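Asker: Coordinates in input29.cif, mmCIF, C-alpha atoms, are listed below.
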```
data_structure
loop_
_atom_site.group_PDB
_atom_site.id
_atom_site.type_symbol
_atom_site.label_atom_id
_atom_site.label_comp_id
_atom_site.auth_asym_id
_atom_site.auth_seq_id
_atom_site.Cartn_x
_atom_site.Cartn_y
_atom_site.Cartn_z
ATOM 1 C CA MET E 25 173.380 170.402 152.395
ATOM 2 C CA THR E 26 176.336 168.088 151.707
ATOM 3 C CA GLU E 27 179.131 168.374 154.217
ATOM 4 C CA THR E 28 182.681 167.696 153.146
ATOM 5 C CA PHE E 29 185.636 167.027 155.392
ATOM 6 C CA GLU E 30 189.136 165.695 155.130
ATOM 7 C CA LEU E 31 190.319 162.281 156.257
ATOM 8 C CA ARG E 32 193.874 161.029 156.398
ATOM 9 C CA SER E 33 195.113 157.496 156.630
ATOM 10 C CA ILE E 34 196.669 156.211 159.833
ATOM 11 C CA ALA E 35 198.114 153.035 158.339
ATOM 12 C CA THR E 36 198.583 151.105 155.114
ATOM 13 C CA VAL E 37 197.811 147.491 154.226
ATOM 14 C CA VAL E 38 201.010 145.671 153.279
ATOM 15 C CA GLY E 39 200.971 142.341 151.460
ATOM 16 C CA GLY E 40 198.036 140.068 150.922
ATOM 17 C CA ARG E 41 196.098 140.358 147.690
ATOM 18 C CA LYS E 42 197.159 142.655 144.856
ATOM 19 C CA GLU E 43 193.795 142.851 143.054
ATOM 20 C CA PRO E 44 190.281 143.160 144.495
ATOM 21 C CA THR E 45 187.944 140.282 143.681
ATOM 22 C CA ASP E 46 184.426 139.344 144.676
ATOM 23 C CA ASP E 47 185.220 136.021 146.378
ATOM 24 C CA PHE E 48 187.809 133.737 147.980
ATOM 25 C CA TRP E 49 189.201 136.106 150.638
ATOM 26 C CA GLY E 50 189.506 133.372 153.264
ATOM 27 C CA GLY E 51 192.986 132.898 154.700
ATOM 28 C CA THR E 52 194.327 136.099 153.146
ATOM 29 C CA GLN E 53 197.122 137.322 155.405
ATOM 30 C CA SER E 54 198.420 140.860 155.409
ATOM 31 C CA VAL E 55 199.872 143.517 157.685
ATOM 32 C CA ILE E 56 198.298 146.776 158.785
ATOM 33 C CA ARG E 57 201.353 149.037 159.173
ATOM 34 C CA LEU E 58 200.791 152.080 161.376
ATOM 35 C CA HIS E 59 202.300 155.265 159.925
ATOM 36 C CA PRO E 60 205.436 156.539 161.728
ATOM 37 C CA GLU E 61 203.793 159.772 162.916
ATOM 38 C CA TYR E 62 201.694 157.681 165.325
ATOM 39 C CA PRO E 63 203.679 156.439 168.323
ATOM 40 C CA VAL E 64 203.797 152.675 168.763
ATOM 41 C CA GLU E 65 202.171 153.255 172.172
ATOM 42 C CA THR E 66 198.887 153.993 170.371
ATOM 43 C CA LEU E 67 198.645 150.217 169.890
ATOM 44 C CA GLN E 68 199.382 149.275 173.509
ATOM 45 C CA GLY E 69 196.982 146.555 174.660
ATOM 46 C CA ILE E 70 195.558 145.746 171.220
ATOM 47 C CA GLU E 71 197.231 142.310 171.249
ATOM 48 C CA GLU E 72 194.696 141.202 173.869
ATOM 49 C CA PHE E 73 191.917 141.252 171.255
ATOM 50 C CA SER E 74 191.167 138.558 168.681
ATOM 51 C CA HIS E 75 189.599 140.824 166.044
ATOM 52 C CA LEU E 76 189.814 144.383 164.799
ATOM 53 C CA THR E 77 187.379 146.814 163.254
ATOM 54 C CA VAL E 78 189.084 148.408 160.248
ATOM 55 C CA VAL E 79 187.821 151.316 158.125
ATOM 56 C CA PHE E 80 189.677 151.601 154.830
ATOM 57 C CA HIS E 81 189.546 153.437 151.516
ATOM 58 C CA PHE E 82 188.938 151.620 148.230
ATOM 59 C CA HIS E 83 191.853 153.495 146.664
ATOM 60 C CA LEU E 84 191.822 151.619 143.343
ATOM 61 C CA VAL E 85 188.277 152.730 142.468
ATOM 62 C CA ARG E 86 187.970 155.842 140.329
ATOM 63 C CA ARG E 87 185.098 158.295 140.879
ATOM 64 C CA ALA E 88 183.765 157.305 137.455
ATOM 65 C CA GLU E 89 183.271 153.754 138.776
ATOM 66 C CA GLU E 90 180.944 154.815 141.560
ATOM 67 C CA HIS E 91 177.374 153.676 141.171
ATOM 68 C CA ILE E 92 174.566 155.804 142.530
ATOM 69 C CA GLY E 93 171.109 154.394 142.067
ATOM 70 C CA VAL E 94 169.602 150.949 141.774
ATOM 71 C CA ARG E 95 171.065 147.729 140.397
ATOM 72 C CA SER E 96 171.127 144.027 141.126
ATOM 73 C CA PRO E 97 173.996 142.895 143.356
ATOM 74 C CA ARG E 98 176.932 141.802 141.178
ATOM 75 C CA ASN E 99 174.620 142.616 138.261
ATOM 76 C CA ASN E 100 172.942 139.247 138.745
ATOM 77 C CA PRO E 101 169.337 139.459 137.492
ATOM 78 C CA ASP E 102 168.367 136.628 139.875
ATOM 79 C CA TRP E 103 168.833 139.035 142.786
ATOM 80 C CA PRO E 104 166.583 142.044 143.387
ATOM 81 C CA GLU E 105 167.520 145.534 142.321
ATOM 82 C CA THR E 106 168.622 147.424 145.408
ATOM 83 C CA GLY E 107 169.905 150.911 146.100
ATOM 84 C CA THR E 108 173.472 152.095 146.514
ATOM 85 C CA PHE E 109 173.367 151.964 150.304
ATOM 86 C CA VAL E 110 172.125 148.374 150.325
ATOM 87 C CA HIS E 111 175.293 147.187 148.575
ATOM 88 C CA ARG E 112 178.525 146.602 150.502
ATOM 89 C CA ASN E 113 181.003 147.079 147.701
ATOM 90 C CA MET E 114 183.687 149.464 146.515
ATOM 91 C CA ARG E 115 181.458 151.525 144.195
ATOM 92 C CA ARG E 116 180.104 153.613 147.069
ATOM 93 C CA PRO E 117 180.188 157.442 147.072
ATOM 94 C CA ASN E 118 182.989 157.731 149.631
ATOM 95 C CA ARG E 119 184.595 154.402 148.685
ATOM 96 C CA LEU E 120 184.931 153.340 152.319
ATOM 97 C CA GLY E 121 185.143 149.719 153.388
ATOM 98 C CA LEU E 122 184.606 148.139 156.783
ATOM 99 C CA ALA E 123 186.243 144.854 157.802
ATOM 100 C CA PHE E 124 186.656 142.696 160.906
ATOM 101 C CA PRO E 125 189.935 140.779 160.447
ATOM 102 C CA ARG E 126 191.438 138.393 162.981
ATOM 103 C CA LEU E 127 194.515 139.819 164.703
ATOM 104 C CA LEU E 128 197.304 137.224 164.553
ATOM 105 C CA LYS E 129 200.126 139.137 166.216
ATOM 106 C CA VAL E 130 201.554 142.579 166.869
ATOM 107 C CA ASP E 131 205.140 143.372 165.918
ATOM 108 C CA GLY E 132 205.956 146.990 166.726
ATOM 109 C CA ARG E 133 203.744 149.072 164.459
ATOM 110 C CA ASP E 134 202.771 146.045 162.327
ATOM 111 C CA LEU E 135 199.443 144.343 162.989
ATOM 112 C CA HIS E 136 199.471 140.923 161.331
ATOM 113 C CA VAL E 137 195.930 139.959 160.346
ATOM 114 C CA THR E 138 193.996 137.389 158.366
ATOM 115 C CA ASP E 139 190.703 137.763 156.499
ATOM 116 C CA LEU E 140 191.124 141.465 155.759
ATOM 117 C CA ASP E 141 189.449 142.016 152.394
ATOM 118 C CA ALA E 142 191.618 144.981 151.427
ATOM 119 C CA VAL E 143 194.472 144.836 148.932
ATOM 120 C CA ASP E 144 198.152 145.695 149.250
ATOM 121 C CA GLY E 145 198.588 149.469 149.473
ATOM 122 C CA THR E 146 195.093 150.180 150.822
ATOM 123 C CA PRO E 147 194.936 153.272 153.055
ATOM 124 C CA VAL E 148 193.522 152.492 156.506
ATOM 125 C CA ILE E 149 191.400 155.365 157.815
ATOM 126 C CA ASP E 150 190.814 154.028 161.315
ATOM 127 C CA LEU E 151 191.064 150.871 163.392
ATOM 128 C CA ALA E 152 189.917 149.667 166.778
ATOM 129 C CA PRO E 153 189.548 146.346 168.551
ATOM 130 C CA TRP E 154 186.263 144.507 168.094
ATOM 131 C CA PHE E 155 184.117 144.644 171.220
ATOM 132 C CA ASN E 156 181.282 142.075 171.383
ATOM 133 C CA GLU E 157 179.195 144.717 173.120
ATOM 134 C CA PHE E 158 179.149 146.827 169.937
ATOM 135 C CA GLY E 159 177.819 144.000 167.781
ATOM 136 C CA PRO E 160 174.194 143.976 166.707
ATOM 137 C CA ARG E 161 171.634 143.861 169.487
ATOM 138 C CA GLY E 162 168.503 141.810 169.145
ATOM 139 C CA GLU E 163 167.475 139.583 166.285
ATOM 140 C CA VAL E 164 169.402 140.028 163.024
ATOM 141 C CA ARG E 165 167.447 139.589 159.787
ATOM 142 C CA GLN E 166 168.292 139.862 156.110
ATOM 143 C CA PRO E 167 166.911 138.611 152.806
ATOM 144 C CA SER E 168 168.280 135.380 151.326
ATOM 145 C CA TRP E 169 170.282 136.910 148.449
ATOM 146 C CA PRO E 170 173.295 138.093 150.559
ATOM 147 C CA THR E 171 173.827 134.557 151.881
ATOM 148 C CA GLU E 172 173.636 133.155 148.348
ATOM 149 C CA MET E 173 175.882 135.893 146.926
ATOM 150 C CA LEU E 174 178.544 135.538 149.618
ATOM 151 C CA GLN E 175 178.692 131.752 149.904
ATOM 152 C CA ASP E 176 182.260 131.733 148.484
ATOM 153 C CA TYR E 177 183.452 135.035 149.965
ATOM 154 C CA TRP E 178 185.469 133.557 152.839
ATOM 155 C CA LYS E 179 186.556 130.368 151.089
ATOM 156 C CA THR E 180 190.236 130.095 150.286
ATOM 157 C CA PRO E 181 191.291 130.222 146.607
ATOM 158 C CA GLU E 182 192.115 126.508 146.898
ATOM 159 C CA GLN E 183 188.517 125.771 147.886
ATOM 160 C CA GLY E 184 187.215 127.579 144.785
#
```
Would you encode the structure as structure tokens?

Answerer:
Amino acid sequence: MTETFELRSIATVVGGRKEPTDDFWGGTQSVIRLHPEYPVETLQGIEEFSHLTVVFHFHLVRRAEEHIGVRSPRNNPDWPETGTFVHRNMRRPNRLGLAFPRLLKVDGRDLHVTDLDAVDGTPVIDLAPWFNEFGPRGEVRQPSWPTEMLQDYWKTPEQG
């Protein structure tokens, strides 16, 4: 049985990119602005961390754009057809993204970050500091196509 529940945003992405693209997110700077109903004290101590874990909503994607099933990543026939939950893109059923931006500074309820691949106006569902201890344990493996597909993902637009 499918369970449904309600989520609400805790913050909004301000600045940075206006349009989502597949590549060249490197150096993108933006602000995660905590909503006023959350006291600034909820961020106390976060400045001691270099990176954040951010869960956000792909708010520009319409339900009709979701893709359930099998397709090649970026529709490239050179890469294998894989299922919906093998892709890490915005066409997912719940349209949730996960990012690990670098925290540059904290200014009140504004978290200044770089390398957050979410556009201006994106609702932030949750955030936390990155703890090394929650990273993958043991050997990490993956096929070769993600490395090939994402070779330009973190390049700056100038490097493109």

Asker: Using Å and a single decimal, report how far CA of Trp49 (chain E) sits from CA of Val79 (chain E).

Answerer: 17.0 Å

Asker: Excluding region 109-117 of chain E and residues on its chain fewer than 6 positions from it, collect all residues at most 6 Å away from it, counting only C-alpha atoms, and give them as a list of chain:residue names.

Answerer: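 Final neighbour list, sorted by chain and number: E:Phe82, E:Glu90, E:His91.
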
Asker: Can you list, as number ranges by chain, the residues that the PyMOL selection byres ((chain E and resi 145-155) around 8) selects here?

Answerer: E: 31-39, 56, 70, 73-83, 124, 142-144, 156-159

Asker: If you keep C-alpha atoms, can you produce a file of those selected residues as a PDB file, keeping the file's coordinate frame?

Answerer:
```pdb
ATOM      1  CA  LEU E  31     190.319 162.281 156.257  1.00  0.00           C
ATOM      2  CA  ARG E  32     193.874 161.029 156.398  1.00  0.00           C
ATOM      3  CA  SER E  33     195.113 157.496 156.630  1.00  0.00           C
ATOM      4  CA  ILE E  34     196.669 156.211 159.833  1.00  0.00           C
ATOM      5  CA  ALA E  35     198.114 153.035 158.339  1.00  0.00           C
ATOM      6  CA  THR E  36     198.583 151.105 155.114  1.00  0.00           C
ATOM      7  CA  VAL E  37     197.811 147.491 154.226  1.00  0.00           C
ATOM      8  CA  VAL E  38     201.010 145.671 153.279  1.00  0.00           C
ATOM      9  CA  GLY E  39     200.971 142.341 151.460  1.00  0.00           C
ATOM     10  CA  ILE E  56     198.298 146.776 158.785  1.00  0.00           C
ATOM     11  CA  ILE E  70     195.558 145.746 171.220  1.00  0.00           C
ATOM     12  CA  PHE E  73     191.917 141.252 171.255  1.00  0.00           C
ATOM     13  CA  SER E  74     191.167 138.558 168.681  1.00  0.00           C
ATOM     14  CA  HIS E  75     189.599 140.824 166.044  1.00  0.00           C
ATOM     15  CA  LEU E  76     189.814 144.383 164.799  1.00  0.00           C
ATOM     16  CA  THR E  77     187.379 146.814 163.254  1.00  0.00           C
ATOM     17  CA  VAL E  78     189.084 148.408 160.248  1.00  0.00           C
ATOM     18  CA  VAL E  79     187.821 151.316 158.125  1.00  0.00           C
ATOM     19  CA  PHE E  80     189.677 151.601 154.830  1.00  0.00           C
ATOM     20  CA  HIS E  81     189.546 153.437 151.516  1.00  0.00           C
ATOM     21  CA  PHE E  82     188.938 151.620 148.230  1.00  0.00           C
ATOM     22  CA  HIS E  83     191.853 153.495 146.664  1.00  0.00           C
ATOM     23  CA  PHE E 124     186.656 142.696 160.906  1.00  0.00           C
ATOM     24  CA  ALA E 142     191.618 144.981 151.427  1.00  0.00           C
ATOM     25  CA  VAL E 143     194.472 144.836 148.932  1.00  0.00           C
ATOM     26  CA  ASP E 144     198.152 145.695 149.250  1.00  0.00           C
ATOM     27  CA  ASN E 156     181.282 142.075 171.383  1.00  0.00           C
ATOM     28  CA  GLU E 157     179.195 144.717 173.120  1.00  0.00           C
ATOM     29  CA  PHE E 158     179.149 146.827 169.937  1.00  0.00           C
ATOM     30  CA  GLY E 159     177.819 144.000 167.781  1.00  0.00           C
TER      31      GLY E 159
END
```

Asker: Please write as a ChimeraX atom specification the full residue list that the PyMOL selection byres ((chain E and resi 172-175) around 12) yields on this file.

Answerer: /E:46-50,96-100,102-104,111-113,166-171,176-180,183-184

Asker: Find, counting only C-alpha atoms, the residue in E:Gly121, E:Gly132, E:Gly40, E:Gly107 that gets nearest to Arg95 (chain E).

Answerer: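 Among the listed residues, E:Gly107 lies closest to Arg95 (chain E).
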
Asker: Write out as a list in words the residues lying within 12 Å of Leu128 (chain E), counting only C-alpha atoms and excluding same-chain residues fewer than 2 positions away.

Answerer: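 Residues near the query, excluding close chain neighbours: Gly51, Thr52, Gln53, Ser54, Val55, Ile56, Ile70, Glu71, Glu72, Phe73, Ser74, His75, Leu76, Pro125, Arg126, Val130, Asp131, Asp134, Leu135, His136, Val137, Thr138, Asp139 and Leu140 of chain E.
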
Asker: Please report, as JSON, the centre and edge lengths in Å to one decimal of an axis-aligned box covering all listed atoms of region 163-176 of chain E with 8 Å per side.

Answerer:
```
{"center_x": 174.6, "center_y": 135.9, "center_z": 156.6, "size_x": 31.3, "size_y": 24.3, "size_z": 35.4}
```

Asker: With distances taken over all atoms listed in the file, which residue among E:Glu65, E:Arg119, E:Thr108, E:Met25 lies nearest Ala88 (chain E)?

Answerer: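 Nearest to Ala88 (chain E): E:Arg119.
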
Asker: CA of Asn118 (chain E) and CA of Arg86 (chain E), how far apart in Å?

Answerer: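 Atom-to-atom, CA of Arg86 (chain E) and CA of Asn118 (chain E) are spaced 10.7 Å apart.
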
Asker: Just to confirm, what's the straight-line distance from CA of Thr28 (chain E) to CA of Leu120 (chain E) in Å (one decimal)?

Answerer: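 Between CA of Thr28 (chain E) and CA of Leu120 (chain E) the gap works out to 14.6 Å.
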
Asker: Go through E:Arg133, E:Leu127, E:Glu30, E:Glu105 and flag the residue nearest Pro60 (chain E), using only C-alpha atoms for the distances.

Answerer: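 Nearest candidate to Pro60 (chain E) out of E:Arg133, E:Leu127, E:Glu30, E:Glu105: E:Arg133.
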
Asker: Only N, CA and C atoms, please: region 134-168 of chain E from the block, as a JSON list (two decimals), in the first residue's frame.

Answerer:
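That gives us part_30.json:
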```json
[["chain", "number", "residue", "atom", "x", "y", "z"],
["E", 134, "ASP", "N", 20.91, 32.91, 6.99],
["E", 134, "ASP", "CA", 21.42, 32.64, 5.65],
["E", 134, "ASP", "C", 22.66, 31.76, 5.69],
["E", 135, "LEU", "N", 22.58, 30.62, 5.02],
["E", 135, "LEU", "CA", 23.73, 29.73, 4.88],
["E", 135, "LEU", "C", 24.28, 29.94, 3.46],
["E", 136, "HIS", "N", 25.44, 30.51, 3.35],
["E", 136, "HIS", "CA", 26.08, 30.75, 2.07],
["E", 136, "HIS", "C", 26.83, 29.47, 1.68],
["E", 137, "VAL", "N", 26.51, 28.96, 0.49],
["E", 137, "VAL", "CA", 27.07, 27.67, 0.06],
["E", 137, "VAL", "C", 27.59, 27.77, -1.37],
["E", 138, "THR", "N", 28.40, 26.81, -1.73],
["E", 138, "THR", "CA", 28.83, 26.65, -3.12],
["E", 138, "THR", "C", 28.62, 25.18, -3.50],
["E", 139, "ASP", "N", 28.41, 24.96, -4.79],
["E", 139, "ASP", "CA", 28.21, 23.62, -5.34],
["E", 139, "ASP", "C", 26.91, 22.98, -4.87],
["E", 140, "LEU", "N", 25.88, 23.79, -4.71],
["E", 140, "LEU", "CA", 24.53, 23.28, -4.48],
["E", 140, "LEU", "C", 23.83, 23.26, -5.83],
["E", 141, "ASP", "N", 23.48, 22.09, -6.31],
["E", 141, "ASP", "CA", 22.87, 21.97, -7.64],
["E", 141, "ASP", "C", 21.35, 22.07, -7.56],
["E", 142, "ALA", "N", 20.90, 23.17, -6.97],
["E", 142, "ALA", "CA", 19.48, 23.51, -6.90],
["E", 142, "ALA", "C", 19.35, 24.96, -7.34],
["E", 143, "VAL", "N", 18.26, 25.29, -8.01],
["E", 143, "VAL", "CA", 18.11, 26.62, -8.59],
["E", 143, "VAL", "C", 17.45, 27.60, -7.62],
["E", 144, "ASP", "N", 17.54, 28.86, -7.96],
["E", 144, "ASP", "CA", 16.91, 29.94, -7.19],
["E", 144, "ASP", "C", 15.43, 29.63, -6.99],
["E", 145, "GLY", "N", 14.97, 29.74, -5.76],
["E", 145, "GLY", "CA", 13.57, 29.47, -5.44],
["E", 145, "GLY", "C", 13.27, 28.05, -5.02],
["E", 146, "THR", "N", 14.26, 27.17, -5.04],
["E", 146, "THR", "CA", 14.04, 25.76, -4.69],
["E", 146, "THR", "C", 13.68, 25.62, -3.21],
["E", 147, "PRO", "N", 12.59, 24.90, -2.91],
["E", 147, "PRO", "CA", 12.25, 24.62, -1.52],
["E", 147, "PRO", "C", 13.22, 23.59, -0.92],
["E", 148, "VAL", "N", 13.74, 23.91, 0.25],
["E", 148, "VAL", "CA", 14.63, 22.99, 0.98],
["E", 148, "VAL", "C", 13.77, 22.27, 2.01],
["E", 149, "ILE", "N", 13.76, 20.95, 1.94],
["E", 149, "ILE", "CA", 12.94, 20.12, 2.82],
["E", 149, "ILE", "C", 13.64, 19.87, 4.15],
["E", 150, "ASP", "N", 14.95, 19.67, 4.09],
["E", 150, "ASP", "CA", 15.71, 19.41, 5.32],
["E", 150, "ASP", "C", 17.17, 19.70, 5.05],
["E", 151, "LEU", "N", 17.92, 19.93, 6.12],
["E", 151, "LEU", "CA", 19.36, 20.10, 6.01],
["E", 151, "LEU", "C", 20.00, 19.66, 7.30],
["E", 152, "ALA", "N", 21.25, 19.27, 7.19],
["E", 152, "ALA", "CA", 22.05, 18.83, 8.33],
["E", 152, "ALA", "C", 23.51, 18.97, 7.95],
["E", 153, "PRO", "N", 24.41, 19.03, 8.92],
["E", 153, "PRO", "CA", 25.82, 19.01, 8.56],
["E", 153, "PRO", "C", 26.22, 17.62, 8.06],
["E", 154, "TRP", "N", 27.22, 17.59, 7.21],
["E", 154, "TRP", "CA", 27.78, 16.31, 6.74],
["E", 154, "TRP", "C", 28.68, 15.76, 7.83],
["E", 155, "PHE", "N", 28.44, 14.53, 8.22],
["E", 155, "PHE", "CA", 29.31, 13.81, 9.15],
["E", 155, "PHE", "C", 30.03, 12.73, 8.33],
["E", 156, "ASN", "N", 31.35, 12.70, 8.39],
["E", 156, "ASN", "CA", 32.11, 11.64, 7.70],
["E", 156, "ASN", "C", 31.61, 10.26, 8.09],
["E", 157, "GLU", "N", 31.21, 10.11, 9.33],
["E", 157, "GLU", "CA", 30.80, 8.80, 9.84],
["E", 157, "GLU", "C", 29.54, 8.27, 9.17],
["E", 158, "PHE", "N", 28.78, 9.14, 8.50],
["E", 158, "PHE", "CA", 27.58, 8.68, 7.80],
["E", 158, "PHE", "C", 27.83, 8.46, 6.31],
["E", 159, "GLY", "N", 29.07, 8.61, 5.87],
["E", 159, "GLY", "CA", 29.40, 8.32, 4.48],
["E", 159, "GLY", "C", 29.39, 6.82, 4.26],
["E", 160, "PRO", "N", 29.55, 6.40, 3.02],
["E", 160, "PRO", "CA", 29.52, 4.96, 2.75],
["E", 160, "PRO", "C", 30.60, 4.22, 3.53],
["E", 161, "ARG", "N", 30.25, 3.03, 3.97],
["E", 161, "ARG", "CA", 31.20, 2.16, 4.66],
["E", 161, "ARG", "C", 31.62, 1.08, 3.69],
["E", 162, "GLY", "N", 32.87, 0.71, 3.77],
["E", 162, "GLY", "CA", 33.37, -0.35, 2.89],
["E", 162, "GLY", "C", 33.65, 0.16, 1.49],
["E", 163, "GLU", "N", 33.96, -0.80, 0.63],
["E", 163, "GLU", "CA", 34.31, -0.47, -0.76],
["E", 163, "GLU", "C", 33.09, 0.08, -1.49],
["E", 164, "VAL", "N", 33.29, 1.12, -2.27],
["E", 164, "VAL", "CA", 32.23, 1.71, -3.10],
["E", 164, "VAL", "C", 32.47, 1.24, -4.54],
["E", 165, "ARG", "N", 31.42, 0.75, -5.19],
["E", 165, "ARG", "CA", 31.56, 0.33, -6.59],
["E", 165, "ARG", "C", 30.41, 0.91, -7.39],
["E", 166, "GLN", "N", 30.65, 1.10, -8.67],
["E", 166, "GLN", "CA", 29.63, 1.56, -9.60],
["E", 166, "GLN", "C", 30.09, 1.22, -11.01],
["E", 167, "PRO", "N", 29.15, 1.16, -11.96],
["E", 167, "PRO", "CA", 29.56, 0.94, -13.34],
["E", 167, "PRO", "C", 30.27, 2.18, -13.89],
["E", 168, "SER", "N", 30.82, 2.08, -15.07],
["E", 168, "SER", "CA", 31.61, 3.18, -15.64],
["E", 168, "SER", "C", 30.76, 4.33, -16.18]]
```
